[in-house]
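Asks: You'll find start.pdb just under this line, and it carries PDB, C-alpha atoms and all ligand atoms.
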```
ATOM      1  CA  MET Y  13      -5.386  18.395   3.043  1.00  0.00           C
ATOM      2  CA  LYS Y  14      -2.485  20.700   2.369  1.00  0.00           C
ATOM      3  CA  VAL Y  15       0.270  21.897   4.649  1.00  0.00           C
ATOM      4  CA  LEU Y  16       2.052  25.173   4.078  1.00  0.00           C
ATOM      5  CA  ILE Y  17       5.720  24.444   4.548  1.00  0.00           C
ATOM      6  CA  PRO Y  18       6.659  27.874   5.997  1.00  0.00           C
ATOM      7  CA  ASP Y  19       3.984  27.284   8.640  1.00  0.00           C
ATOM      8  CA  ILE Y  20       5.621  24.144  10.028  1.00  0.00           C
ATOM      9  CA  PRO Y  21       7.062  25.208  13.391  1.00  0.00           C
ATOM     10  CA  LYS Y  22      10.562  24.258  14.545  1.00  0.00           C
ATOM     11  CA  GLU Y  23       9.233  21.737  17.014  1.00  0.00           C
ATOM     12  CA  GLY Y  24       7.196  20.085  14.307  1.00  0.00           C
ATOM     13  CA  LEU Y  25       3.543  19.723  13.607  1.00  0.00           C
ATOM     14  CA  ASP Y  26       1.278  17.025  15.003  1.00  0.00           C
ATOM     15  CA  LEU Y  27      -1.743  16.311  12.906  1.00  0.00           C
ATOM     16  CA  GLU Y  28      -4.639  13.985  13.193  1.00  0.00           C
ATOM     17  CA  LEU Y  29      -6.716  13.830  10.065  1.00  0.00           C
ATOM     18  CA  GLN Y  30      -9.813  12.143   8.846  1.00  0.00           C
ATOM     19  CA  GLU Y  31     -10.155  12.073   5.113  1.00  0.00           C
ATOM     20  CA  SER Y  32     -13.007  10.640   3.131  1.00  0.00           C
ATOM     21  CA  ILE Y  33     -11.977   9.587  -0.322  1.00  0.00           C
ATOM     22  CA  GLU Y  34     -14.426   8.922  -3.107  1.00  0.00           C
ATOM     23  CA  SER Y  35     -13.492   5.420  -4.062  1.00  0.00           C
ATOM     24  CA  ASP Y  36     -15.147   2.046  -4.355  1.00  0.00           C
ATOM     25  CA  ALA Y  37     -12.170   0.448  -2.701  1.00  0.00           C
ATOM     26  CA  ILE Y  38     -11.995   2.639   0.363  1.00  0.00           C
ATOM     27  CA  VAL Y  39     -14.787   1.858   2.761  1.00  0.00           C
ATOM     28  CA  THR Y  40     -14.293   4.170   5.729  1.00  0.00           C
ATOM     29  CA  PRO Y  41     -12.658   7.575   6.129  1.00  0.00           C
ATOM     30  CA  ILE Y  42      -8.913   7.354   6.402  1.00  0.00           C
ATOM     31  CA  ILE Y  43      -7.517   8.217   9.807  1.00  0.00           C
ATOM     32  CA  ALA Y  44      -3.972   9.501   9.813  1.00  0.00           C
ATOM     33  CA  ARG Y  45      -1.778  10.558  12.703  1.00  0.00           C
ATOM     34  CA  LEU Y  46       1.221  12.388  11.390  1.00  0.00           C
ATOM     35  CA  LYS Y  47       4.189  14.249  12.769  1.00  0.00           C
ATOM     36  CA  ILE Y  48       5.676  16.674  10.287  1.00  0.00           C
ATOM     37  CA  GLU Y  49       9.144  18.059  10.881  1.00  0.00           C
ATOM     38  CA  LYS Y  50      11.581  20.176   8.959  1.00  0.00           C
ATOM     39  CA  ALA Y  51      15.241  19.232   8.704  1.00  0.00           C
ATOM     40  CA  GLY Y  52      16.906  21.874   6.602  1.00  0.00           C
ATOM     41  CA  ALA Y  53      15.203  21.738   3.221  1.00  0.00           C
ATOM     42  CA  GLU Y  54      13.861  18.268   3.884  1.00  0.00           C
ATOM     43  CA  ILE Y  55      10.537  17.478   5.413  1.00  0.00           C
ATOM     44  CA  ILE Y  56      10.141  14.343   7.447  1.00  0.00           C
ATOM     45  CA  ILE Y  57       6.727  12.818   7.952  1.00  0.00           C
ATOM     46  CA  LYS Y  58       6.228  10.008  10.423  1.00  0.00           C
ATOM     47  CA  GLY Y  59       3.161   8.408  11.818  1.00  0.00           C
ATOM     48  CA  ASP Y  60       0.560   5.941  10.785  1.00  0.00           C
ATOM     49  CA  LEU Y  61      -2.702   5.697   8.985  1.00  0.00           C
ATOM     50  CA  GLU Y  62      -5.619   3.401   9.247  1.00  0.00           C
ATOM     51  CA  VAL Y  63      -8.089   2.621   6.523  1.00  0.00           C
ATOM     52  CA  GLU Y  64     -10.637  -0.026   5.720  1.00  0.00           C
ATOM     53  CA  ILE Y  65     -10.443  -1.179   2.147  1.00  0.00           C
ATOM     54  CA  LYS Y  66     -12.354  -3.543  -0.064  1.00  0.00           C
ATOM     55  CA  LEU Y  67     -10.270  -6.223  -1.698  1.00  0.00           C
ATOM     56  CA  GLN Y  68     -10.956  -9.252  -3.839  1.00  0.00           C
ATOM     57  CA  CYS Y  69      -9.784 -12.573  -2.496  1.00  0.00           C
ATOM     58  CA  SER Y  70      -7.272 -14.127  -4.857  1.00  0.00           C
ATOM     59  CA  ARG Y  71      -8.557 -17.626  -4.057  1.00  0.00           C
ATOM     60  CA  CYS Y  72     -12.349 -17.410  -3.955  1.00  0.00           C
ATOM     61  CA  LEU Y  73     -12.690 -14.110  -5.848  1.00  0.00           C
ATOM     62  CA  LYS Y  74     -15.122 -12.691  -3.303  1.00  0.00           C
ATOM     63  CA  ASP Y  75     -14.917  -9.118  -2.106  1.00  0.00           C
ATOM     64  CA  PHE Y  76     -13.987  -8.656   1.506  1.00  0.00           C
ATOM     65  CA  CYS Y  77     -13.052  -5.756   3.759  1.00  0.00           C
ATOM     66  CA  LYS Y  78      -9.816  -5.428   5.600  1.00  0.00           C
ATOM     67  CA  ILE Y  79      -8.508  -2.798   7.987  1.00  0.00           C
ATOM     68  CA  MET Y  80      -4.984  -1.802   7.114  1.00  0.00           C
ATOM     69  CA  SER Y  81      -2.633  -0.052   9.506  1.00  0.00           C
ATOM     70  CA  ILE Y  82       0.200   1.525   7.622  1.00  0.00           C
ATOM     71  CA  PRO Y  83       3.278   2.992   9.274  1.00  0.00           C
ATOM     72  CA  ILE Y  84       4.499   6.150   7.589  1.00  0.00           C
ATOM     73  CA  ASP Y  85       8.078   7.283   7.390  1.00  0.00           C
ATOM     74  CA  VAL Y  86       8.694   9.461   4.378  1.00  0.00           C
ATOM     75  CA  VAL Y  87      11.255  12.129   3.615  1.00  0.00           C
ATOM     76  CA  TYR Y  88      10.345  14.898   1.213  1.00  0.00           C
ATOM     77  CA  HIS Y  89      13.075  16.664  -0.668  1.00  0.00           C
ATOM     78  CA  PRO Y  90      12.728  19.906  -2.563  1.00  0.00           C
ATOM     79  CA  VAL Y  91      12.264  19.083  -6.230  1.00  0.00           C
ATOM     80  CA  GLU Y  92      15.211  21.377  -7.069  1.00  0.00           C
ATOM     81  CA  GLU Y  93      17.517  18.673  -5.740  1.00  0.00           C
ATOM     82  CA  LEU Y  94      16.564  16.540  -8.718  1.00  0.00           C
ATOM     83  CA  LYS Y  95      18.539  18.856 -10.962  1.00  0.00           C
ATOM     84  CA  ASP Y  96      21.672  18.046  -9.030  1.00  0.00           C
ATOM     85  CA  GLU Y  97      22.920  14.828 -10.652  1.00  0.00           C
ATOM     86  CA  GLU Y  98      24.999  13.651  -7.734  1.00  0.00           C
ATOM     87  CA  MET Y  99      22.210  14.233  -5.277  1.00  0.00           C
ATOM     88  CA  HIS Y 100      19.930  12.331  -7.598  1.00  0.00           C
ATOM     89  CA  GLU Y 101      21.897   9.124  -7.248  1.00  0.00           C
ATOM     90  CA  ILE Y 102      22.333   9.252  -3.520  1.00  0.00           C
ATOM     91  CA  LYS Y 103      18.790  10.144  -2.715  1.00  0.00           C
ATOM     92  CA  PHE Y 104      17.175   7.456  -4.765  1.00  0.00           C
ATOM     93  CA  GLU Y 105      18.658   4.835  -2.519  1.00  0.00           C
ATOM     94  CA  GLU Y 106      16.317   5.989   0.175  1.00  0.00           C
ATOM     95  CA  LEU Y 107      13.214   3.941  -0.017  1.00  0.00           C
ATOM     96  CA  ASP Y 108      10.440   6.175   1.173  1.00  0.00           C
ATOM     97  CA  MET Y 109      11.132   9.490  -0.358  1.00  0.00           C
ATOM     98  CA  ASP Y 110       9.252  12.003  -2.363  1.00  0.00           C
ATOM     99  CA  PHE Y 111       9.631  15.499  -3.684  1.00  0.00           C
ATOM    100  CA  TYR Y 112       7.843  18.709  -3.047  1.00  0.00           C
ATOM    101  CA  SER Y 113       7.858  21.898  -5.003  1.00  0.00           C
ATOM    102  CA  GLY Y 114       6.796  25.321  -3.922  1.00  0.00           C
ATOM    103  CA  VAL Y 115       5.519  25.877  -0.425  1.00  0.00           C
ATOM    104  CA  GLU Y 116       2.732  23.336  -0.242  1.00  0.00           C
ATOM    105  CA  LEU Y 117       2.712  19.705   0.710  1.00  0.00           C
ATOM    106  CA  ASP Y 118      -0.342  17.682  -0.231  1.00  0.00           C
ATOM    107  CA  LEU Y 119      -0.941  15.106   2.467  1.00  0.00           C
ATOM    108  CA  LEU Y 120      -3.696  13.438   0.501  1.00  0.00           C
ATOM    109  CA  ASN Y 121      -1.166  12.510  -2.166  1.00  0.00           C
ATOM    110  CA  LEU Y 122       1.052  11.002   0.465  1.00  0.00           C
ATOM    111  CA  ILE Y 123      -1.829   9.059   1.960  1.00  0.00           C
ATOM    112  CA  ASN Y 124      -2.949   7.745  -1.432  1.00  0.00           C
ATOM    113  CA  GLU Y 125       0.554   6.666  -2.344  1.00  0.00           C
ATOM    114  CA  GLN Y 126       1.079   4.868   0.927  1.00  0.00           C
ATOM    115  CA  ILE Y 127      -2.164   2.949   0.588  1.00  0.00           C
ATOM    116  CA  ILE Y 128      -1.310   1.859  -2.950  1.00  0.00           C
ATOM    117  CA  LEU Y 129       2.202   0.822  -1.919  1.00  0.00           C
ATOM    118  CA  ASN Y 130       0.820  -1.291   0.892  1.00  0.00           C
ATOM    119  CA  LEU Y 131      -1.951  -3.103  -0.927  1.00  0.00           C
ATOM    120  CA  PRO Y 132      -1.448  -6.851  -0.662  1.00  0.00           C
ATOM    121  CA  MET Y 133      -0.380  -8.541  -3.898  1.00  0.00           C
ATOM    122  CA  LYS Y 134      -2.409 -11.646  -3.194  1.00  0.00           C
ATOM    123  CA  PRO Y 135      -5.254 -10.687  -0.905  1.00  0.00           C
ATOM    124  CA  LEU Y 136      -6.908 -13.508   1.004  1.00  0.00           C
ATOM    125  CA  CYS Y 137     -10.307 -13.225   2.683  1.00  0.00           C
ATOM    126  CA  SER Y 138      -8.940 -15.664   5.239  1.00  0.00           C
ATOM    127  CA  ASP Y 139      -5.793 -17.732   5.576  1.00  0.00           C
ATOM    128  CA  LEU Y 140      -8.115 -20.707   5.593  1.00  0.00           C
ATOM    129  CA  CYS Y 141      -9.946 -19.771   2.402  1.00  0.00           C
ATOM    130  CA  LYS Y 142     -10.441 -22.913   0.355  1.00  0.00           C
ATOM    131  CA  GLY Y 143     -10.929 -21.050  -2.897  1.00  0.00           C
ATOM    132  CA  ILE Y 144     -13.024 -22.252  -5.780  1.00  0.00           C
ATOM    133  CA  CYS Y 145     -12.956 -25.634  -7.453  1.00  0.00           C
ATOM    134  CA  VAL Y 146     -10.779 -25.417 -10.526  1.00  0.00           C
ATOM    135  CA  LYS Y 147     -13.041 -27.914 -12.292  1.00  0.00           C
ATOM    136  CA  CYS Y 148     -16.617 -26.741 -11.611  1.00  0.00           C
ATOM    137  CA  GLY Y 149     -16.127 -23.291 -10.105  1.00  0.00           C
ATOM    138  CA  GLU Y 150     -17.970 -24.093  -6.868  1.00  0.00           C
ATOM    139  CA  ASP Y 151     -17.017 -21.959  -3.883  1.00  0.00           C
ATOM    140  CA  LEU Y 152     -15.466 -24.566  -1.618  1.00  0.00           C
ATOM    141  CA  ASN Y 153     -15.942 -22.398   1.446  1.00  0.00           C
ATOM    142  CA  GLU Y 154     -19.677 -22.785   1.058  1.00  0.00           C
ATOM    143  CA  SER Y 155     -20.140 -26.277  -0.252  1.00  0.00           C
ATOM    144  CA  VAL Y 156     -18.356 -29.342  -1.453  1.00  0.00           C
ATOM    145  CA  CYS Y 157     -18.480 -30.526  -5.011  1.00  0.00           C
ATOM    146  CA  ASN Y 158     -18.026 -34.005  -6.371  1.00  0.00           C
ATOM    147  CA  CYS Y 159     -15.155 -33.268  -8.648  1.00  0.00           C
ATOM    148  CA  ILE Y 160     -12.166 -35.467  -8.234  1.00  0.00           C
ATOM    149  CA  ARG Y 161      -9.262 -33.279  -7.404  1.00  0.00           C
ATOM    150  CA  ASP Y 162      -5.871 -34.193  -6.296  1.00  0.00           C
ATOM    151  CA  ASP Y 163      -5.157 -31.927  -3.401  1.00  0.00           C
ATOM    152  CA  THR Y 164      -2.081 -30.436  -4.919  1.00  0.00           C
ATOM    153  CA  ASP Y 165      -1.618 -26.771  -4.267  1.00  0.00           C
ATOM    154  CA  PRO Y 166      -2.391 -25.018  -7.577  1.00  0.00           C
ATOM    155  CA  ARG Y 167       0.932 -23.251  -7.348  1.00  0.00           C
ATOM    156  CA  LEU Y 168       2.684 -26.598  -7.100  1.00  0.00           C
ATOM    157  CA  GLU Y 169       0.597 -27.771 -10.026  1.00  0.00           C
ATOM    158  CA  VAL Y 170       2.344 -25.248 -12.248  1.00  0.00           C
ATOM    159  CA  LEU Y 171       5.691 -26.472 -11.029  1.00  0.00           C
ATOM    160  CA  LYS Y 172       4.683 -30.073 -11.598  1.00  0.00           C
ATOM    161  CA  LYS Y 173       3.739 -29.335 -15.188  1.00  0.00           C
ATOM    162  CA  LEU Y 174       7.071 -27.665 -15.740  1.00  0.00           C
ATOM    163  CA  LEU Y 175       8.897 -30.644 -14.271  1.00  0.00           C
ATOM    164  CA  ASP Y 176       6.848 -33.060 -16.379  1.00  0.00           C
ATOM    165  CA  LYS Y 177       7.954 -31.223 -19.469  1.00  0.00           C
ATOM    166  CA  GLU Y 178      11.527 -31.543 -18.397  1.00  0.00           C
ATOM    167  CA  ALA Y 179      11.242 -35.302 -17.952  1.00  0.00           C
TER
HETATM  168 ZN    ZN Y 201     -11.405 -16.245  -0.194  1.00  0.00          ZN
HETATM  169 ZN    ZN Y 202     -15.878 -28.993  -8.421  1.00  0.00          ZN
END
```
Written as structure tokens, how would this file's structure read?
Replies:
Amino acid sequence: MKVLIPDIPKEGLDLELQESIESDAIVTPIIARLKIEKAGAEIIIKGDLEVEIKLQCSRCLKDFCKIMSIPIDVVYHPVEELKDEEMHEIKFEELDMDFYSGVELDLLNLINEQIILNLPMKPLCSDLCKGICVKCGEDLNESVCNCIRDDTDPRLEVLKKLLDKEA
């Protein structure tokens, strides 16, 4: 989905898009509601997008689906500004910014980027996920095993080992 920059009217452009992306991770078409406005040479895009994605639980390693709602607030600058050293420094302090060149803006790029930026680092199928047994590999959400485990959080386990070394 591309937008021709000269075609963006003064009052802005309201768009509602549905994009299907060929990807194993993206389950449903992406729905995006965007408002595109021009401010001088800059283009401001605000709105939100919704997508269902497939993730792998970091505790039990099972795939699960999750609907993500992502707010969008991005400013596009003309790529020519990059050549201006001073501008370079100032602009990079803005968090959500990007560059465009020519007269076209590819909204699919924007959408892809925003999804990647918002993917959880440690996805969990549920806050209550019990994970798998570190000894026998049994999925503890489905059954119990007979391994003797101390119920220390595995993250604390790492810390404990470090502290033991210190002692
Ligand atoms: Zn899980
Ligand atoms: Zn076990």
Asks: Taking the file above as input, evaluate the PyMOL selection byres (((chain Y and resi 43) around 9) and not hetatm) and report the hits as a PDB file with C-alpha atoms, in the frame of the given file.
Replies:
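Output (part00.pdb):
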```pdb
ATOM      1  CA  GLU Y  28      -4.639  13.985  13.193  1.00  0.00           C
ATOM      2  CA  LEU Y  29      -6.716  13.830  10.065  1.00  0.00           C
ATOM      3  CA  GLN Y  30      -9.813  12.143   8.846  1.00  0.00           C
ATOM      4  CA  GLU Y  31     -10.155  12.073   5.113  1.00  0.00           C
ATOM      5  CA  SER Y  32     -13.007  10.640   3.131  1.00  0.00           C
ATOM      6  CA  THR Y  40     -14.293   4.170   5.729  1.00  0.00           C
ATOM      7  CA  PRO Y  41     -12.658   7.575   6.129  1.00  0.00           C
ATOM      8  CA  ILE Y  42      -8.913   7.354   6.402  1.00  0.00           C
ATOM      9  CA  ALA Y  44      -3.972   9.501   9.813  1.00  0.00           C
ATOM     10  CA  ARG Y  45      -1.778  10.558  12.703  1.00  0.00           C
ATOM     11  CA  ASP Y  60       0.560   5.941  10.785  1.00  0.00           C
ATOM     12  CA  LEU Y  61      -2.702   5.697   8.985  1.00  0.00           C
ATOM     13  CA  GLU Y  62      -5.619   3.401   9.247  1.00  0.00           C
ATOM     14  CA  VAL Y  63      -8.089   2.621   6.523  1.00  0.00           C
TER      15      VAL Y  63
END
```
Asks: Check the smallest atom-to-atom distance from each of Y:Lys173, Y:Lys50, Y:Lys142, Y:Arg167 to ligand ZN 202 (chain Y) using all atoms listed in the file, then report the winner.
Replies: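 The shortest atom-to-atom distance to ligand ZN 202 (chain Y) comes from Y:Lys142.
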Asks: Just want the residues within 7 Å of ligand ZN 201 (chain Y), written as a ChimeraX atom specification, counting all atoms listed in the file.
Replies: /Y:69-74,136-138,141-143
Asks: Based on the selection just made, write C-alpha atoms of those residues as a PDB file, in the coordinates of the input.
Replies:
```pdb
ATOM      1  CA  CYS Y  69      -9.784 -12.573  -2.496  1.00  0.00           C
ATOM      2  CA  SER Y  70      -7.272 -14.127  -4.857  1.00  0.00           C
ATOM      3  CA  ARG Y  71      -8.557 -17.626  -4.057  1.00  0.00           C
ATOM      4  CA  CYS Y  72     -12.349 -17.410  -3.955  1.00  0.00           C
ATOM      5  CA  LEU Y  73     -12.690 -14.110  -5.848  1.00  0.00           C
ATOM      6  CA  LYS Y  74     -15.122 -12.691  -3.303  1.00  0.00           C
ATOM      7  CA  LEU Y 136      -6.908 -13.508   1.004  1.00  0.00           C
ATOM      8  CA  CYS Y 137     -10.307 -13.225   2.683  1.00  0.00           C
ATOM      9  CA  SER Y 138      -8.940 -15.664   5.239  1.00  0.00           C
ATOM     10  CA  CYS Y 141      -9.946 -19.771   2.402  1.00  0.00           C
ATOM     11  CA  LYS Y 142     -10.441 -22.913   0.355  1.00  0.00           C
ATOM     12  CA  GLY Y 143     -10.929 -21.050  -2.897  1.00  0.00           C
TER      13      GLY Y 143
END
```
Asks: Which residue gives the smallest distance to Cys148 (chain Y) among Y:Leu94, Y:Ile65, Y:Lys78, Y:Ile160, with all atoms listed in the file counted?
Replies: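 Among the listed residues, the smallest separation from Cys148 (chain Y) belongs to Y:Ile160.
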Asks: Quote the spacing between CA of Ile123 (chain Y) and CA of Asp19 (chain Y) in Å to one decimal place.
Replies: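 Pair CA of Ile123 (chain Y) / CA of Asp19 (chain Y) returns 20.3 Å.
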Asks: Can you list what the PyMOL selection byres (((not hetatm)) within 8 of (chain Y and resi 202)) grabs from this structure, as a ChimeraX atom specification?
Replies: /Y:144-150,156-161
Asks: How many Å lie between CA of Ser113 (chain Y) and CA of Lys95 (chain Y), rounded to one decimal?
Replies: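 So the answer is 12.6 Å.
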Asks: Check which residues satisfy the PyMOL selection byres (((chain Y and resi 14) around 12) and not hetatm) in the file shown, then give them as a ChimeraX atom specification.
Replies: /Y:13,15-17,19-20,27,29,31,112,115-123
Asks: Report the distance between CA of Ile82 (chain Y) and CA of Asp139 (chain Y) in Å, rounded to one decimal place.
Replies: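 Between CA of Ile82 (chain Y) and CA of Asp139 (chain Y) the gap is 20.3 Å.
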Asks: I'd like to know which of Y:Asn153, Y:Met80, Y:Gly59, Y:Glu93 is closest to Pro135 (chain Y), using all atoms listed in the file.
Replies: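 Counting all atoms listed in the file, the residue closest to Pro135 (chain Y) is Y:Met80.
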Asks: With all atoms listed in the file as the atoms that count, which of Y:Leu46, Y:Leu67, Y:Asp26, Y:Ile55 lies nearest to Lys134 (chain Y)?
Replies: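 Nearest to Lys134 (chain Y): Y:Leu67.
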Asks: Box in all listed atoms of region 52-56 of chain Y, axis-aligned, with 8 Å more on each side; write out centre and edge lengths in Å to one decimal as JSON.
Replies:
```
{"center_x": 13.5, "center_y": 18.1, "center_z": 5.3, "size_x": 22.8, "size_y": 23.5, "size_z": 20.2}
```
